[in-house]
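Report on the following structure.
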Amino acid sequence: MPTTESGSESYLFRLLFKLKVYEASGNFFQSLVSQIFEFAIPGFQRIAPWGSQGDGGNDGWVRSSGHYFQVYGPLNNTQINPVKEIRKAKQDFHKLLGHWPSIRHYSFVLNDRFEGIPAPVPLALTEIKNTHNLDSAQAIGAGDLAIFFADLDYDKKCMITGNIPFGQSDFLDTRAVGELLTYLADKPSRRLGFLQQTPPEFKQKIHFNGLSESVADTLKTANYQVAYVDDFLKTRGAALQQSIGEEIHEMYKDSKEIIPDSEAEAADLRFIWLMKKLIPENIKHHVHSEKAYELAAVTILSKYFETCDIYEYPDSPYPS
């Protein structure tokens with residue numbers, strides 16, 4: 001029986017999916033789309049390139065209904081270019097005409113990174129529909145993919161995004177922050193922060209940056225464990241402290257490149273991205289280890305949120 005999800009879990013799944021879309025381009029985006037459609041559209045089959053013909057313009061289809069899909073994921077940080085998208089949609093459709101039979105429906109899937117499909121694109125697809133007497137020709141954007149994803153059951157969502165974070169080994173991590181992460185993850189217990197109060201400046205910064213209540217509560221709870229980070233830093237010297245701060249700050253700058261300010265949930269998405277980025281890849285396949293590392297990562301982010309290495313400080317005229 002599929003696992004049901006709470007409202008907060010649905011929210012976190014939505015953030016994780018958005019991150020997948022923001023990070024995906026080219027073949028990675030095509031693979032993400034195929035995985036969603038295999039779960040969401042009965043009879044969908046992905047098509048792999050073969051021989052000199054490649055895939056013949058067909059990235060996936062539903063054979064019984066003559067529905068063909070073409071997927072286009074522009075590179076990260078590439079501006080949406082309607083002229084280029086229209087040309088791509090038309091070229092791919094004409095490839096289909098030359099290699100695949102009985103085209104009744106045509107869907108052009110574009111990674112618009114939640115900005116919306118430019119109006120000239122669906123107009124061009126309407127022209128294709130009318131010229132070739134199709135039953136439908138449509139554009140599918142990131143928002144449409146999010147709707148497909150939202151309708152999947154819990155287990156299928158996990159297969160696409162991985163397990164949701166904030167639930168309660170040995171590896172080689174050459175980053176400076178990796179030593180701190182391992183130190184925290186290996187702690188057998190956590191100090192209780194009953195007597196510790198969240199500083200007013202911390203709360204003010206949460207509000208200023210527009211973090212949701214869910215992420216804010218996670219940060220505040222983790223802040224009770226920051227003493228462990230302080231214990232570690234006191235014994236490691238100034239050079240490592242500086243290296244860790246610089247690594248965290250560079251990660252935050254990278255998150256701002258990937259997730260645009262125009263995204264309504266940018267602050268939360270950057271937080272989830274940072275947490276996932278801190279965890280080494282080989283830990284992510286071990287559920288129990290990953291949970292320990294997630295808690296350690298959130299504690300580190302709470303520390304460097306407090307020290308203003310990540311996110312914006314209300315009184316600072318300079319961007320982080």
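By order of appearance in the structure tokens: chains A, B, ..., then residues from 1 within every chain, and ligands from 1 in the order shown.
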
Open item on the list: Would you pick out the contacts of A:Ala227 at 9 Å or less, using only C-alpha atoms, so that residues sharing its chain but fewer than 4 positions from it are not included, and give the list as a PyMOL selection string?
Closed with: chain A and resi 191+223+231-232+303

Can you write just those residues out, C-alpha atoms, as a short mmCIF file (atom, residue, chain, number, x, y, z; two decimals), in the first residue's frame?
data_model
loop_
_atom_site.label_atom_id
_atom_site.label_comp_id
_atom_site.auth_asym_id
_atom_site.auth_seq_id
_atom_site.Cartn_x
_atom_site.Cartn_y
_atom_site.Cartn_z
CA ARG A 191 22.84 18.52 23.38
CA ASN A 223 20.53 26.26 16.15
CA ASP A 231 33.45 22.86 19.89
CA PHE A 232 34.85 21.49 16.64
CA LYS A 303 25.67 28.08 12.21
#

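Within 9 Å of A:Glu115, once only C-alpha atoms are used and residues closer than 3 positions along the same chain are dropped, the contacting residues are A:Ile80, A:Asp112, A:Pro118, A:Gly141, A:Ala142, A:Gly143, A:Ser262, A:Glu263.
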
With N, CA and C atoms kept, could you save the residues just selected as a tab-separated table (two decimals), in the first residue's frame?
chain	number	residue	atom	x	y	z
A	80	ILE	N	15.59	31.99	-21.95
A	80	ILE	CA	14.62	31.40	-22.87
A	80	ILE	C	14.57	32.26	-24.13
A	112	ASP	N	11.28	25.52	-19.00
A	112	ASP	CA	11.19	26.97	-18.90
A	112	ASP	C	11.55	27.46	-17.50
A	118	PRO	N	6.90	30.88	-23.50
A	118	PRO	CA	6.73	32.12	-24.29
A	118	PRO	C	5.58	31.96	-25.27
A	141	GLY	N	5.43	22.80	-19.98
A	141	GLY	CA	6.50	23.48	-19.25
A	141	GLY	C	6.73	22.89	-17.88
A	142	ALA	N	7.62	23.52	-17.12
A	142	ALA	CA	7.96	23.01	-15.79
A	142	ALA	C	6.76	22.98	-14.86
A	143	GLY	N	5.89	23.99	-14.97
A	143	GLY	CA	4.69	24.00	-14.12
A	143	GLY	C	3.79	22.81	-14.39
A	262	SER	N	13.57	35.51	-9.07
A	262	SER	CA	12.17	35.60	-9.48
A	262	SER	C	11.33	34.44	-8.97
A	263	GLU	N	11.97	33.35	-8.56
A	263	GLU	CA	11.27	32.18	-8.01
A	263	GLU	C	10.68	32.55	-6.65

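The residue that comes closest to A:Gly178, out of A:Ile36, A:Ile248, A:Ile272, A:Cys308 and on the basis of only C-alpha atoms, is A:Ile248.
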
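Residue nearest A:Val215, chosen from A:Ala24, A:Met275, A:Leu181, A:Ile140 and counting only C-alpha atoms: A:Met275.
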
Task: Exercise: A:Lys129 partners within 9 Å, only C-alpha atoms, chain neighbours under 5 positions left out, as JSON, numbers by chain - done: {"A": [105, 106, 124, 134, 135, 136, 137, 138]}

Open item on the list: I need the residues of stretch 67-200 of chain A that end up classed as helix (DSSP H, G or I) by DSSP on the backbone, written out as a ChimeraX atom specification.
Closed with: /A:82-99,120-131,142-150,154-161,176-185,200

Task: Distance query A:Ala185 at most 7 Å, only C-alpha atoms, self and fewer than 2 positions along chain excluded, as a list of chain:residue names - done: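 The neighbour list is A:Leu181, A:Thr182, A:Tyr183, A:Lys187, A:Ala292, A:Tyr293, A:Ala296.
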
Open item on the list: Could you list, as a ChimeraX atom specification, every residue within 8 Å of stretch 107-111 of chain A, counting only C-alpha atoms and ignoring same-chain residues fewer than 2 positions away?
Closed with: /A:21,25,29,67-74,89,105,113-114,117,137-142

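Atom to atom, atom CA of A:Gln35 and atom CA of A:Phe13 stand 15.7 Å apart.
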
Open item on the list: Set the distance at 10 Å and use only C-alpha atoms: which residues neighbour A:Arg270 once local chain neighbours fewer than 6 positions away are removed? I'd like the list as an NGL selection string.
Closed with: :A and (15 or 19 or 211 or 251-256 or 258-260 or 276 or 310-311)

Task: Distance in Å - atom CA of A:Gly66 versus atom CA of A:Gly26 - done: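 Here the two named atoms are 24.6 Å from each other.
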